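Below is one structure, written out as C-alpha cells; the observations come after it.
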Amino acid sequence: MENKNWWKDAVVYQIYPRSFKDSNHDGIGDLNGITEKLDYLKNLGVDILWLSPIYQSPNDDNGYDISDYRSIMTEFGTMEDFDRLLEQAHNRGMKLMMDLVVNHTSDEHHWFKESRKSKDNPFRDFYIWRDGDENGNPPNRWESCFKGSAWEWDETTEQYYLHSFSKKQPDLNWENPKVRDAVYDMMTWWCEKGIDGFRMDVISMISKYPGLPDGDELGNGYTGNTSFDGPRVNEFLREMNDRVLSKYKVVTVGECPGVDVASAKNYAGLDTKELNMIFQFETVEGSRLVPHSYGKWDSVAMTMPELRENFTKWQKGLEGSAWNSLFLDNHDQPRCVSRFGNDAPKYRVRSAKMLATMLHFLKGTPYIYEGEELGMMNAGFSRIEDYRDIESLNVYREMKDQGVEEEKILSFLKAVSRDNARTPMQWDDTEYAGFSDTMPWIRVPDNDKSINAAEEQEDTDSVFHYYRKLIHLRHTLPVMVDGVYDLILPDHPQIYGYTRTFGREKLLILLNYSKDQVKVPQEILDQIQSCQGRVLIHNYQEEMEEVMRPYEAIVYHFTED
Ligand code: TEU
Ligand code: CA
C-alpha cells in the first residue's frame, strides 16, 4: 500500500506541451508527441508528469486562457489522445498532474460570452465588473501582469472588467458560490477520468480584498495588483479540498506568487487540509543586492549567499509543519544554467550538475522542467521577430513607446524572457532538434547542437545521466526525502554546504558555487576523513582533494556512531 504522502519521494517533470514533441508535422507540440516520449521519461526515472494547460484555448497566453475546460486544445489533439496518454503513463507507473487555471478564463469561454451580454445575465457575476470612476477611468490603478491597466472597458454594458493578466483573461469572481460550484464540478470531472493531481495557477490570487484597494505605486501611473493572499483564499481552498480533493488520491501544488513562509504553512500545512505543497517565488526573484530599474527585466539572479539564506529560511521554516516544492526552472523562468549557473561552453555541464545537486538534496519535492535535465540554456534570441510570448512582446512595445533603446530591451528579453524556456525540446541534432520535421512555432536556438537527448543518453557523463542518478538516489535513500536540513559554513563566500540528518544517516553536500578554485576548510576535510563517508555523487571524475574545482559538487553519505 503506498504511503499517505506518496508524493514526498516523487520527482515531478513539467511538460510544456507546445514545445515538447510534434507528432503530426505542424510545428506544434501535441499529446501524441508526449505519448511517443513516455519511455524517455520513464528511463529518466520521473514519477509525475505535470502538463501545462492542454484545454481548448485561443492561445493568447499559450493555454493559460481557457475557453473550454472539458475539451482538448485543437492543436494538441483529441480527448481520445488524452485518454491514451493517461493510460500509457499509468501503464509505466507514472502519474499525470493537470494545470488548473481558475483565477481567470479566456474571454472566449462560454461563461464570459454570457457575462458580457448584459448586466442582468445569469453569468454576469461570474466575473469582476465595475463602473468607471467619476471621470470614466478604471475603478483602480492596478497594472496587468502583461502591462497596461488591469481593467478593460466593455462598450456593450458600459462597465470595466478585471483582468490580472491579458485582456483576454478575465478574472473569475470567487466570491460567487456559483463560480466555485462550477470549478469544483469541472475538477471532479477530471478526477473521475483518473488524473493524479493539479498544479494550481496563481491560486493565491483567487480571493480579492474588499474594495479592491490599490497597491504600491509603480511609478508609471499604475499600482501593484493587491490580489495576493486575500482574506478568503484559505477558506476557498479548504472548501475545494472538502468538495473535491479529499475524495481522490491526488497531489496538489499551488502556484502562489506573494506567499511567504508564514502563509505557506496554511496553503501547504501537513494538516491544514488545503494543498500538499506550493511554489514560492522568492528564490527566483532577482538579487536584492544589485540595483535595477526595470523590475524583473534588468534584475540578476540572487547571489549564492542570498540563495543560501533563502533556501535555509524555507527549509527550516517549513520543517515539520509543511512541505517544500523545489524548482529553479519552469515555463515562466529563464533556463537555470544561464540564470543561476554559467552557460559558457567550458562551465555549462559542470554548473548544471552543481545546481541540480544543490536543489535535489534539499528537503521537498523536486520539479524538473523539460530540457533542464539536458542542461538546455537560454535561447540567445537577438531579434524581436523570434519572440512569441505575450508578456515579452507587450514589454517590448511598452518600453519602445517609453523611448528605451531597442538594443537594451532586447538584452532584457535575452536574459529573462519566458521564451527562453519555451524553445523546442532538443531531442537530437537535426534541423528542428528532432522536435518536428517542419519549422516549429518558435525557432530552435542556434546554440550548442550537442545539447540533445539522443547524444546525452549515450554519454554516461552527461547532464541527463546526472539527473537520472539524482532521481534514483531519491527513490532509494530515506535520508534524502526525510532528513532534516542544517546549514554549515554559513558565511563562506563560495562554498554552499549543508547536511541532511535522518537518525544515524547523514549526508554532507558541498557545492563550489563559483568558477574559481577554493580551498576546503580544514574542519570539513577532517570531518570527511574521520567519517569515512562514501561519495554518493560527484560532478568530477577525479577524487576531490583539498581544493574544490570550478562548480564542483560532491555529496558524502555516512552513518554516525
Ligand atoms: O504565472 C503567474 C505568475 O507568477 C506571473 O507573475 C508569471 O510569473 C508571469 O510570467 C509574469 O512574469 C502563471 C503561469 O505560470 C503563467 O504562464 C501565466 O502567464 C500566468 O499565470 C497567467 O495564467
Ligand atoms: Ca503537432
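Simple scheme: letters A, B, ... for chains in C-alpha cells order, numbers from 1 for residues in each chain, numbers from 1 for ligands in the order shown.
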
Q | Those in range 89-263 of chain A with alpha helix (DSSP H) from DSSP, as a PyMOL selection string | A | chain A and resi 89-91+110-115+177-192+233-243+261-263

Please produce a file of the residues just selected, as a compact mmCIF listing (two decimals), in the first residue's frame, where the atoms kept are C-alpha atoms.
```txt
# COMPACT_ATOMS: atom_id res chain seq x y z
CA ALA A 89 1.59 6.94 -18.48
CA HIS A 90 -0.21 4.83 -15.87
CA ASN A 91 0.95 1.62 -17.60
CA HIS A 110 -18.99 30.47 -22.69
CA TRP A 111 -19.29 31.93 -19.19
CA PHE A 112 -17.67 35.24 -20.23
CA LYS A 113 -19.53 35.43 -23.54
CA GLU A 114 -22.74 35.27 -21.50
CA SER A 115 -21.48 37.54 -18.72
CA PRO A 177 -20.62 30.42 -4.96
CA LYS A 178 -21.85 29.52 -8.46
CA VAL A 179 -18.29 30.05 -9.76
CA ARG A 180 -16.90 27.80 -7.05
CA ASP A 181 -19.52 25.12 -7.76
CA ALA A 182 -18.70 25.22 -11.48
CA VAL A 183 -14.96 24.92 -10.77
CA TYR A 184 -15.44 22.04 -8.34
CA ASP A 185 -17.69 20.22 -10.84
CA MET A 186 -15.03 20.57 -13.54
CA MET A 187 -12.27 19.36 -11.18
CA THR A 188 -14.41 16.35 -10.22
CA TRP A 189 -14.94 15.57 -13.90
CA TRP A 190 -11.17 15.39 -14.45
CA CYS A 191 -10.61 13.38 -11.25
CA GLU A 192 -13.23 10.89 -12.41
CA VAL A 233 -8.17 32.24 -0.05
CA ASN A 234 -7.64 29.58 2.62
CA GLU A 235 -11.39 29.22 3.18
CA PHE A 236 -11.86 28.63 -0.57
CA LEU A 237 -9.03 26.05 -0.65
CA ARG A 238 -10.41 24.19 2.38
CA GLU A 239 -13.79 24.13 0.63
CA MET A 240 -12.12 22.86 -2.58
CA ASN A 241 -10.34 20.18 -0.56
CA ASP A 242 -13.55 19.15 1.16
CA ARG A 243 -15.70 19.16 -2.00
CA VAL A 261 6.91 31.07 4.96
CA ALA A 262 4.09 32.00 7.36
CA SER A 263 1.32 31.89 4.75
```

Do you have, as JSON lines, the list of residues of chain A lying at most 6 Å from ligand 1, each with its nearest atom pair and that distance in Å to one decimal, counting only C-alpha atoms and all ligand atoms and ordered by chain then number?
```
{"residue": "A:Asp61", "atom": "CA", "partner": "ligand 1", "partner_atom_place_in_ligand_line": "19 (O)", "distance": 5.8}
{"residue": "A:Tyr64", "atom": "CA", "partner": "ligand 1", "partner_atom_place_in_ligand_line": "23 (O)", "distance": 4.5}
{"residue": "A:Cys145", "atom": "CA", "partner": "ligand 1", "partner_atom_place_in_ligand_line": "11 (C)", "distance": 5.7}
{"residue": "A:Phe165", "atom": "CA", "partner": "ligand 1", "partner_atom_place_in_ligand_line": "22 (C)", "distance": 5.8}
{"residue": "A:Asp201", "atom": "CA", "partner": "ligand 1", "partner_atom_place_in_ligand_line": "13 (C)", "distance": 5.4}
{"residue": "A:Val202", "atom": "CA", "partner": "ligand 1", "partner_atom_place_in_ligand_line": "2 (C)", "distance": 5.3}
{"residue": "A:Pro257", "atom": "CA", "partner": "ligand 1", "partner_atom_place_in_ligand_line": "4 (O)", "distance": 5.3}
{"residue": "A:Asp332", "atom": "CA", "partner": "ligand 1", "partner_atom_place_in_ligand_line": "10 (O)", "distance": 4.7}
```

Q: Could you find all residues in range 150-325 of chain A that DSSP calls strand (DSSP E or B) from the backbone, and write them as a VMD selection string?
A: chain A and resid 151 to 154 159 to 162 171 to 172 197 to 200 217 223 251 to 255 269 277 to 279 286 301 322 324 to 325

Output the selection as a tab-separated table (two decimals), in the first residue's frame - N, CA, C and O atoms for each residue.
```tsv
chain	number	residue	atom	x	y	z
A	151	TRP	N	-7.79	46.67	-16.21
A	151	TRP	CA	-9.23	46.81	-16.47
A	151	TRP	C	-9.46	47.07	-17.96
A	151	TRP	O	-8.75	47.86	-18.57
A	152	GLU	N	-10.48	46.41	-18.52
A	152	GLU	CA	-10.82	46.61	-19.93
A	152	GLU	C	-12.25	47.11	-20.01
A	152	GLU	O	-13.15	46.54	-19.37
A	153	TRP	N	-12.47	48.22	-20.74
A	153	TRP	CA	-13.81	48.79	-20.91
A	153	TRP	C	-14.61	47.94	-21.88
A	153	TRP	O	-14.11	47.52	-22.92
A	154	ASP	N	-15.88	47.68	-21.46
A	154	ASP	CA	-16.76	46.89	-22.33
A	154	ASP	C	-17.91	47.79	-22.76
A	154	ASP	O	-18.74	48.19	-21.94
A	159	GLN	N	-19.25	48.98	-18.61
A	159	GLN	CA	-18.51	48.75	-17.36
A	159	GLN	C	-17.13	48.20	-17.72
A	159	GLN	O	-16.89	47.77	-18.85
A	160	TYR	N	-16.24	48.23	-16.73
A	160	TYR	CA	-14.91	47.63	-16.87
A	160	TYR	C	-14.94	46.20	-16.30
A	160	TYR	O	-15.67	45.95	-15.34
A	161	TYR	N	-14.12	45.32	-16.89
A	161	TYR	CA	-13.91	44.01	-16.23
A	161	TYR	C	-12.44	43.86	-15.88
A	161	TYR	O	-11.55	44.38	-16.57
A	162	LEU	N	-12.20	43.10	-14.79
A	162	LEU	CA	-10.82	42.94	-14.28
A	162	LEU	C	-10.12	41.81	-15.02
A	162	LEU	O	-10.70	40.75	-15.26
A	171	ASP	N	-10.63	37.84	-14.90
A	171	ASP	CA	-10.60	37.17	-13.59
A	171	ASP	C	-11.99	36.66	-13.22
A	171	ASP	O	-12.97	37.38	-13.34
A	172	LEU	N	-12.05	35.44	-12.73
A	172	LEU	CA	-13.29	34.89	-12.20
A	172	LEU	C	-13.59	35.50	-10.83
A	172	LEU	O	-12.67	35.85	-10.09
A	197	GLY	N	-3.46	14.65	-10.15
A	197	GLY	CA	-3.12	15.85	-9.39
A	197	GLY	C	-3.36	17.12	-10.17
A	197	GLY	O	-3.69	17.08	-11.36
A	198	PHE	N	-3.21	18.23	-9.45
A	198	PHE	CA	-3.38	19.56	-10.06
A	198	PHE	C	-2.25	20.48	-9.63
A	198	PHE	O	-1.93	20.55	-8.43
A	199	ARG	N	-1.69	21.18	-10.57
A	199	ARG	CA	-0.88	22.38	-10.30
A	199	ARG	C	-1.84	23.53	-10.47
A	199	ARG	O	-2.49	23.63	-11.50
A	200	MET	N	-1.92	24.42	-9.48
A	200	MET	CA	-2.97	25.42	-9.48
A	200	MET	C	-2.40	26.80	-9.78
A	200	MET	O	-1.70	27.39	-8.96
A	217	GLU	N	2.72	52.19	-5.45
A	217	GLU	CA	2.94	52.96	-6.68
A	217	GLU	C	4.04	52.30	-7.50
A	217	GLU	O	5.07	51.89	-6.94
A	223	THR	N	-0.47	51.01	-10.07
A	223	THR	CA	-0.01	50.44	-8.79
A	223	THR	C	-0.01	48.92	-8.95
A	223	THR	O	-0.54	48.38	-9.92
A	251	VAL	N	-2.42	14.68	-5.91
A	251	VAL	CA	-1.41	15.56	-5.31
A	251	VAL	C	-1.66	16.96	-5.85
A	251	VAL	O	-2.08	17.14	-7.00
A	252	THR	N	-1.47	17.95	-4.98
A	252	THR	CA	-1.75	19.34	-5.40
A	252	THR	C	-0.57	20.25	-5.06
A	252	THR	O	0.06	20.13	-4.00
A	253	VAL	N	-0.28	21.15	-5.98
A	253	VAL	CA	0.74	22.18	-5.74
A	253	VAL	C	0.15	23.51	-6.20
A	253	VAL	O	-0.38	23.62	-7.32
A	254	GLY	N	0.19	24.47	-5.31
A	254	GLY	CA	-0.38	25.78	-5.61
A	254	GLY	C	0.71	26.73	-6.05
A	254	GLY	O	1.73	26.88	-5.37
A	255	GLU	N	0.49	27.40	-7.19
A	255	GLU	CA	1.43	28.44	-7.61
A	255	GLU	C	1.03	29.70	-6.86
A	255	GLU	O	-0.06	30.23	-7.09
A	269	GLY	N	0.18	23.28	4.70
A	269	GLY	CA	0.37	22.69	6.03
A	269	GLY	C	0.09	21.19	5.99
A	269	GLY	O	-0.80	20.73	5.26
A	277	MET	N	1.56	21.13	-1.40
A	277	MET	CA	2.75	21.98	-1.44
A	277	MET	C	2.48	23.22	-2.29
A	277	MET	O	1.42	23.32	-2.92
A	278	ILE	N	3.41	24.15	-2.26
A	278	ILE	CA	3.22	25.39	-3.05
A	278	ILE	C	4.54	25.73	-3.76
A	278	ILE	O	5.60	25.24	-3.40
A	279	PHE	N	4.41	26.52	-4.82
A	279	PHE	CA	5.57	27.16	-5.44
A	279	PHE	C	5.68	28.55	-4.83
A	279	PHE	O	4.74	29.34	-4.94
A	286	GLY	N	14.88	38.38	-8.31
A	286	GLY	CA	16.25	38.87	-8.53
A	286	GLY	C	16.97	39.18	-7.22
A	286	GLY	O	16.37	39.20	-6.15
A	301	ALA	N	20.15	37.21	-11.02
A	301	ALA	CA	19.78	36.16	-10.06
A	301	ALA	C	20.39	36.47	-8.70
A	301	ALA	O	21.40	37.18	-8.59
A	322	ALA	N	5.08	21.85	7.08
A	322	ALA	CA	4.57	21.95	5.71
A	322	ALA	C	5.62	21.34	4.77
A	322	ALA	O	6.65	20.85	5.24
A	324	ASN	N	7.98	21.61	1.15
A	324	ASN	CA	8.52	22.49	0.10
A	324	ASN	C	8.41	21.84	-1.27
A	324	ASN	O	8.59	20.63	-1.41
A	325	SER	N	8.15	22.68	-2.30
A	325	SER	CA	8.46	22.24	-3.66
A	325	SER	C	9.84	22.84	-3.95
A	325	SER	O	10.22	23.84	-3.34
```

Show me which residues sit within 12 Å of ligand 2 when counting only C-alpha atoms and all ligand atoms, and put them as an mmCIF file with N, CA, C and O atoms, in the first residue's frame.
```
data_model
loop_
_atom_site.group_PDB
_atom_site.id
_atom_site.type_symbol
_atom_site.label_atom_id
_atom_site.label_comp_id
_atom_site.auth_asym_id
_atom_site.auth_seq_id
_atom_site.Cartn_x
_atom_site.Cartn_y
_atom_site.Cartn_z
ATOM 1 N N PRO A 17 3.508 21.391 -23.312
ATOM 2 C CA PRO A 17 3.169 20.543 -24.473
ATOM 3 C C PRO A 17 3.468 21.185 -25.830
ATOM 4 O O PRO A 17 3.903 20.504 -26.759
ATOM 5 N N ARG A 18 3.312 22.506 -25.904
ATOM 6 C CA ARG A 18 3.505 23.194 -27.196
ATOM 7 C C ARG A 18 4.927 23.009 -27.735
ATOM 8 O O ARG A 18 5.177 23.093 -28.940
ATOM 9 N N SER A 19 5.866 22.786 -26.771
ATOM 10 C CA SER A 19 7.288 22.745 -27.172
ATOM 11 C C SER A 19 7.926 21.391 -26.953
ATOM 12 O O SER A 19 9.148 21.266 -27.108
ATOM 13 N N PHE A 20 7.142 20.351 -26.603
ATOM 14 C CA PHE A 20 7.775 19.104 -26.189
ATOM 15 C C PHE A 20 8.043 18.181 -27.372
ATOM 16 O O PHE A 20 9.199 17.809 -27.612
ATOM 17 N N LYS A 21 6.984 17.796 -28.127
ATOM 18 C CA LYS A 21 7.226 16.941 -29.298
ATOM 19 C C LYS A 21 6.047 17.048 -30.251
ATOM 20 O O LYS A 21 4.905 16.865 -29.829
ATOM 21 N N ASP A 22 6.346 17.336 -31.521
ATOM 22 C CA ASP A 22 5.303 17.439 -32.564
ATOM 23 C C ASP A 22 5.194 16.108 -33.292
ATOM 24 O O ASP A 22 6.173 15.631 -33.850
ATOM 25 N N SER A 23 3.967 15.520 -33.261
ATOM 26 C CA SER A 23 3.827 14.188 -33.899
ATOM 27 C C SER A 23 3.112 14.264 -35.241
ATOM 28 O O SER A 23 3.067 13.270 -35.968
ATOM 29 N N ASN A 24 2.535 15.430 -35.575
ATOM 30 C CA ASN A 24 1.719 15.473 -36.820
ATOM 31 C C ASN A 24 2.161 16.600 -37.747
ATOM 32 O O ASN A 24 1.351 17.168 -38.474
ATOM 33 N N HIS A 25 3.452 16.929 -37.707
ATOM 34 C CA HIS A 25 4.107 17.767 -38.732
ATOM 35 C C HIS A 25 3.517 19.158 -38.900
ATOM 36 O O HIS A 25 3.520 19.722 -40.002
ATOM 37 N N ASP A 26 3.007 19.759 -37.793
ATOM 38 C CA ASP A 26 2.517 21.147 -37.927
ATOM 39 C C ASP A 26 3.417 22.112 -37.151
ATOM 40 O O ASP A 26 3.087 23.283 -36.994
ATOM 41 N N GLY A 27 4.516 21.621 -36.603
ATOM 42 C CA GLY A 27 5.451 22.505 -35.891
ATOM 43 C C GLY A 27 5.004 22.866 -34.496
ATOM 44 O O GLY A 27 5.615 23.713 -33.832
ATOM 45 N N ILE A 28 3.911 22.228 -34.043
ATOM 46 C CA ILE A 28 3.399 22.498 -32.696
ATOM 47 C C ILE A 28 3.371 21.199 -31.897
ATOM 48 O O ILE A 28 2.877 20.169 -32.400
ATOM 49 N N GLY A 29 3.888 21.204 -30.701
ATOM 50 C CA GLY A 29 3.872 20.012 -29.863
ATOM 51 C C GLY A 29 2.446 19.542 -29.625
ATOM 52 O O GLY A 29 1.500 20.327 -29.738
ATOM 53 N N ASP A 30 2.278 18.261 -29.306
ATOM 54 C CA ASP A 30 0.916 17.740 -29.105
ATOM 55 C C ASP A 30 0.931 16.524 -28.179
ATOM 56 O O ASP A 30 1.998 16.027 -27.806
ATOM 57 N N LEU A 31 -0.268 16.042 -27.822
ATOM 58 C CA LEU A 31 -0.378 14.963 -26.826
ATOM 59 C C LEU A 31 0.230 13.665 -27.343
ATOM 60 O O LEU A 31 0.927 12.962 -26.601
ATOM 61 N N ASN A 32 0.014 13.342 -28.610
ATOM 62 C CA ASN A 32 0.601 12.105 -29.144
ATOM 63 C C ASN A 32 2.124 12.182 -29.154
ATOM 64 O O ASN A 32 2.806 11.163 -28.991
ATOM 65 N N GLY A 33 2.656 13.392 -29.266
ATOM 66 C CA GLY A 33 4.109 13.569 -29.170
ATOM 67 C C GLY A 33 4.605 13.223 -27.777
ATOM 68 O O GLY A 33 5.661 12.585 -27.605
ATOM 69 N N ILE A 34 3.820 13.615 -26.768
ATOM 70 C CA ILE A 34 4.192 13.275 -25.383
ATOM 71 C C ILE A 34 4.155 11.757 -25.203
ATOM 72 O O ILE A 34 5.084 11.147 -24.651
ATOM 73 N N MET A 73 -7.258 21.258 -26.425
ATOM 74 C CA MET A 73 -6.879 22.286 -27.387
ATOM 75 C C MET A 73 -6.718 21.631 -28.772
ATOM 76 O O MET A 73 -6.027 20.601 -28.886
ATOM 77 N N THR A 74 -7.357 22.215 -29.768
ATOM 78 C CA THR A 74 -7.372 21.608 -31.104
ATOM 79 C C THR A 74 -5.973 21.245 -31.585
ATOM 80 O O THR A 74 -5.722 20.144 -32.064
ATOM 81 N N GLU A 75 -5.025 22.170 -31.372
ATOM 82 C CA GLU A 75 -3.652 21.937 -31.864
ATOM 83 C C GLU A 75 -2.972 20.782 -31.126
ATOM 84 O O GLU A 75 -2.010 20.209 -31.622
ATOM 85 N N PHE A 76 -3.441 20.453 -29.937
ATOM 86 C CA PHE A 76 -2.789 19.404 -29.135
ATOM 87 C C PHE A 76 -3.383 18.028 -29.387
ATOM 88 O O PHE A 76 -2.797 17.023 -28.980
ATOM 89 N N GLY A 77 -4.587 17.978 -30.017
ATOM 90 C CA GLY A 77 -5.165 16.667 -30.308
ATOM 91 C C GLY A 77 -6.582 16.525 -29.793
ATOM 92 O O GLY A 77 -7.298 17.524 -29.661
ATOM 93 N N THR A 78 -6.974 15.281 -29.467
ATOM 94 C CA THR A 78 -8.365 14.996 -29.088
ATOM 95 C C THR A 78 -8.428 14.412 -27.676
ATOM 96 O O THR A 78 -7.402 14.052 -27.110
ATOM 97 N N PRO A 424 11.833 24.711 -28.627
ATOM 98 C CA PRO A 424 11.572 23.273 -28.757
ATOM 99 C C PRO A 424 12.533 22.409 -27.956
ATOM 100 O O PRO A 424 13.737 22.677 -27.916
ATOM 101 N N PHE A 435 12.369 17.827 -32.693
ATOM 102 C CA PHE A 435 11.048 18.190 -32.135
ATOM 103 C C PHE A 435 9.985 18.052 -33.213
ATOM 104 O O PHE A 435 8.867 17.626 -32.959
ATOM 105 N N SER A 436 10.360 18.434 -34.429
ATOM 106 C CA SER A 436 9.406 18.382 -35.535
ATOM 107 C C SER A 436 10.198 18.221 -36.834
ATOM 108 O O SER A 436 11.433 18.385 -36.827
ATOM 109 N N ASP A 437 9.483 17.905 -37.915
ATOM 110 C CA ASP A 437 10.201 17.884 -39.204
ATOM 111 C C ASP A 437 9.794 19.077 -40.056
ATOM 112 O O ASP A 437 10.016 19.118 -41.253
ATOM 113 N N THR A 438 9.184 20.060 -39.361
ATOM 114 C CA THR A 438 8.841 21.300 -40.058
ATOM 115 C C THR A 438 9.133 22.469 -39.121
ATOM 116 O O THR A 438 9.321 22.256 -37.912
ATOM 117 N N MET A 439 9.168 23.669 -39.650
ATOM 118 C CA MET A 439 9.528 24.844 -38.862
ATOM 119 C C MET A 439 8.620 24.937 -37.646
ATOM 120 O O MET A 439 7.415 25.052 -37.772
ATOM 121 N N PRO A 440 9.190 24.931 -36.433
ATOM 122 C CA PRO A 440 8.361 24.985 -35.220
ATOM 123 C C PRO A 440 7.756 26.364 -34.994
ATOM 124 O O PRO A 440 8.202 27.346 -35.587
ATOM 125 N N TRP A 441 6.757 26.426 -34.117
ATOM 126 C CA TRP A 441 6.047 27.689 -33.828
ATOM 127 C C TRP A 441 6.986 28.741 -33.243
ATOM 128 O O TRP A 441 6.729 29.940 -33.338
#
```

Q.
Residues near Glu372 in chain A, anyone? I mean within 8 Å using only C-alpha atoms, not counting same-chain ones fewer than 4 positions away, as a PyMOL selection string.
A. chain A and resi 329+335-336+368+376

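Each of A:Pro490, A:Gly132, A:Pro334, A:Gly364 was compared to Val284 in chain A using only C-alpha atoms, and A:Pro334 turns out to be the nearest.
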
Q.
So the first atom is CA of Asp429 in chain A and the second is CA of Lys515 in chain A; what is the distance between them in Å, to one decimal place?
A.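 Separation of CA of Asp429 in chain A and CA of Lys515 in chain A: 28.5 Å.
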
(Q) So that I can see what lies close to range 341-357 of chain A, please list as a PyMOL selection string the residues with an atom at most 7 Å from it, counting only C-alpha atoms and leaving out residues fewer than 3 positions away in the same chain. (A) chain A and resi 336-338+360-361+375+377+463+466+511+539+551-553

Those same residues, written as a CSV table (one decimal), in the first residue's frame with N, CA and C atoms?
```csv
chain,number,residue,atom,x,y,z
A,336,CYS,N,17.8,27.7,-15.9
A,336,CYS,CA,18.6,27.9,-14.7
A,336,CYS,C,20.1,27.9,-14.9
A,337,VAL,N,20.6,27.1,-15.9
A,337,VAL,CA,22.0,27.1,-16.1
A,337,VAL,C,22.5,28.4,-16.6
A,338,SER,N,21.6,29.2,-17.3
A,338,SER,CA,22.0,30.5,-17.8
A,338,SER,C,21.8,31.6,-16.7
A,360,HIS,N,18.3,19.1,-5.6
A,360,HIS,CA,17.7,17.8,-5.4
A,360,HIS,C,18.1,17.2,-4.0
A,361,PHE,N,19.1,17.8,-3.3
A,361,PHE,CA,19.4,17.2,-2.0
A,361,PHE,C,18.7,18.0,-0.9
A,375,GLY,N,20.5,20.2,-19.6
A,375,GLY,CA,21.4,21.4,-19.4
A,375,GLY,C,21.1,22.4,-20.5
A,377,MET,N,20.0,25.7,-22.4
A,377,MET,CA,20.3,27.0,-21.9
A,377,MET,C,19.4,28.0,-22.6
A,463,VAL,N,24.6,15.6,-18.5
A,463,VAL,CA,23.7,16.1,-17.5
A,463,VAL,C,22.5,15.2,-17.3
A,466,TYR,N,23.3,12.5,-15.0
A,466,TYR,CA,23.4,13.0,-13.6
A,466,TYR,C,22.1,13.2,-13.0
A,511,LEU,N,29.1,22.4,-2.3
A,511,LEU,CA,29.0,23.0,-3.6
A,511,LEU,C,29.9,24.1,-3.8
A,539,ASN,N,30.4,15.7,-9.5
A,539,ASN,CA,30.4,16.1,-10.9
A,539,ASN,C,31.8,16.2,-11.5
A,551,TYR,N,32.8,25.0,-9.9
A,551,TYR,CA,31.4,24.4,-9.9
A,551,TYR,C,31.4,23.0,-9.4
A,552,GLU,N,32.4,22.6,-8.6
A,552,GLU,CA,32.5,21.2,-8.1
A,552,GLU,C,31.3,21.0,-7.1
A,553,ALA,N,30.7,19.8,-7.2
A,553,ALA,CA,29.6,19.4,-6.3
A,553,ALA,C,29.9,18.0,-5.9
```

Q.
From the options A:Gly221, A:Pro445, A:Pro478, A:Pro521, which residue's atoms come nearest to Asn420 in chain A, counting only C-alpha atoms?
A. A:Pro445

Q. Suppose you want the space between CA of Thr303 in chain A and CA of Tyr496 in chain A; what is it in Å?
A.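 Pair CA of Thr303 in chain A / CA of Tyr496 in chain A returns 11.3 Å.
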
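CA of Thr312 in chain A lies 24.1 Å from CA of Glu274 in chain A.
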
Skip range 37-48 of chain A itself and residues of its chain fewer than 3 positions away, then list as a PDB file with N, CA, C and O atoms, in the first residue's frame all residues within 6 Å of it, counting only C-alpha atoms.
```pdb
ATOM      1  N   ALA A  10       8.572  11.630  -4.574  1.00  0.00           N
ATOM      2  CA  ALA A  10       8.374  11.684  -6.030  1.00  0.00           C
ATOM      3  C   ALA A  10       9.179  12.831  -6.622  1.00  0.00           C
ATOM      4  O   ALA A  10       9.523  13.783  -5.932  1.00  0.00           O
ATOM      5  N   VAL A  11       9.469  12.691  -7.901  1.00  0.00           N
ATOM      6  CA  VAL A  11      10.085  13.773  -8.681  1.00  0.00           C
ATOM      7  C   VAL A  11       9.096  14.132  -9.791  1.00  0.00           C
ATOM      8  O   VAL A  11       8.560  13.242 -10.467  1.00  0.00           O
ATOM      9  N   VAL A  12       8.817  15.433  -9.936  1.00  0.00           N
ATOM     10  CA  VAL A  12       7.838  15.881 -10.923  1.00  0.00           C
ATOM     11  C   VAL A  12       8.580  16.430 -12.144  1.00  0.00           C
ATOM     12  O   VAL A  12       9.597  17.112 -12.000  1.00  0.00           O
ATOM     13  N   ILE A  34       3.820  13.615 -26.768  1.00  0.00           N
ATOM     14  CA  ILE A  34       4.192  13.275 -25.383  1.00  0.00           C
ATOM     15  C   ILE A  34       4.155  11.757 -25.203  1.00  0.00           C
ATOM     16  O   ILE A  34       5.084  11.147 -24.651  1.00  0.00           O
ATOM     17  N   MET A  94       3.723   5.933 -14.109  1.00  0.00           N
ATOM     18  CA  MET A  94       3.851   7.391 -13.932  1.00  0.00           C
ATOM     19  C   MET A  94       2.465   8.000 -13.760  1.00  0.00           C
ATOM     20  O   MET A  94       1.462   7.427 -14.204  1.00  0.00           O
ATOM     21  N   LYS A  95       2.424   9.146 -13.093  1.00  0.00           N
ATOM     22  CA  LYS A  95       1.158   9.819 -12.804  1.00  0.00           C
ATOM     23  C   LYS A  95       1.084  11.118 -13.588  1.00  0.00           C
ATOM     24  O   LYS A  95       2.109  11.660 -14.008  1.00  0.00           O
ATOM     25  N   LEU A  96      -0.170  11.605 -13.780  1.00  0.00           N
ATOM     26  CA  LEU A  96      -0.380  12.797 -14.596  1.00  0.00           C
ATOM     27  C   LEU A  96      -1.015  13.906 -13.760  1.00  0.00           C
ATOM     28  O   LEU A  96      -2.060  13.692 -13.139  1.00  0.00           O
ATOM     29  N   ARG A 468      19.372  11.542 -13.834  1.00  0.00           N
ATOM     30  CA  ARG A 468      18.852  10.198 -13.674  1.00  0.00           C
ATOM     31  C   ARG A 468      19.352   9.576 -12.383  1.00  0.00           C
ATOM     32  O   ARG A 468      18.606   8.933 -11.636  1.00  0.00           O
TER      33      ARG A 468
END
```

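Distance annotation: of A:Cys256, A:Asp196, A:Gly483, A:Tyr556, the residue with the minimal separation from Gln529 in chain A is A:Tyr556; atom set is only C-alpha atoms.
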
(Q) List as JSON, numbers by chain the protein and nucleic acid residues near Ile206 in chain A, meaning an atom at most 8 Å away when only C-alpha atoms are counted, but skip any in the same chain fewer than 3 places from it. (A) {"A": [102, 103, 172, 173, 174, 202, 203, 227, 228, 230, 233]}

Q.
Set the distance at 8 Å and use only C-alpha atoms: which residues neighbour Gln56 in chain A once local chain neighbours fewer than 3 positions away are removed? I'd like the list as a PyMOL selection string.
A. chain A and resi 63+66-74

Q | A:Tyr485, A:Phe412, A:Tyr127, A:Phe340 ranked by distance to Ser106 in chain A, top pick (using only C-alpha atoms) | A |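 Closest residue, counting only C-alpha atoms: A:Tyr127.
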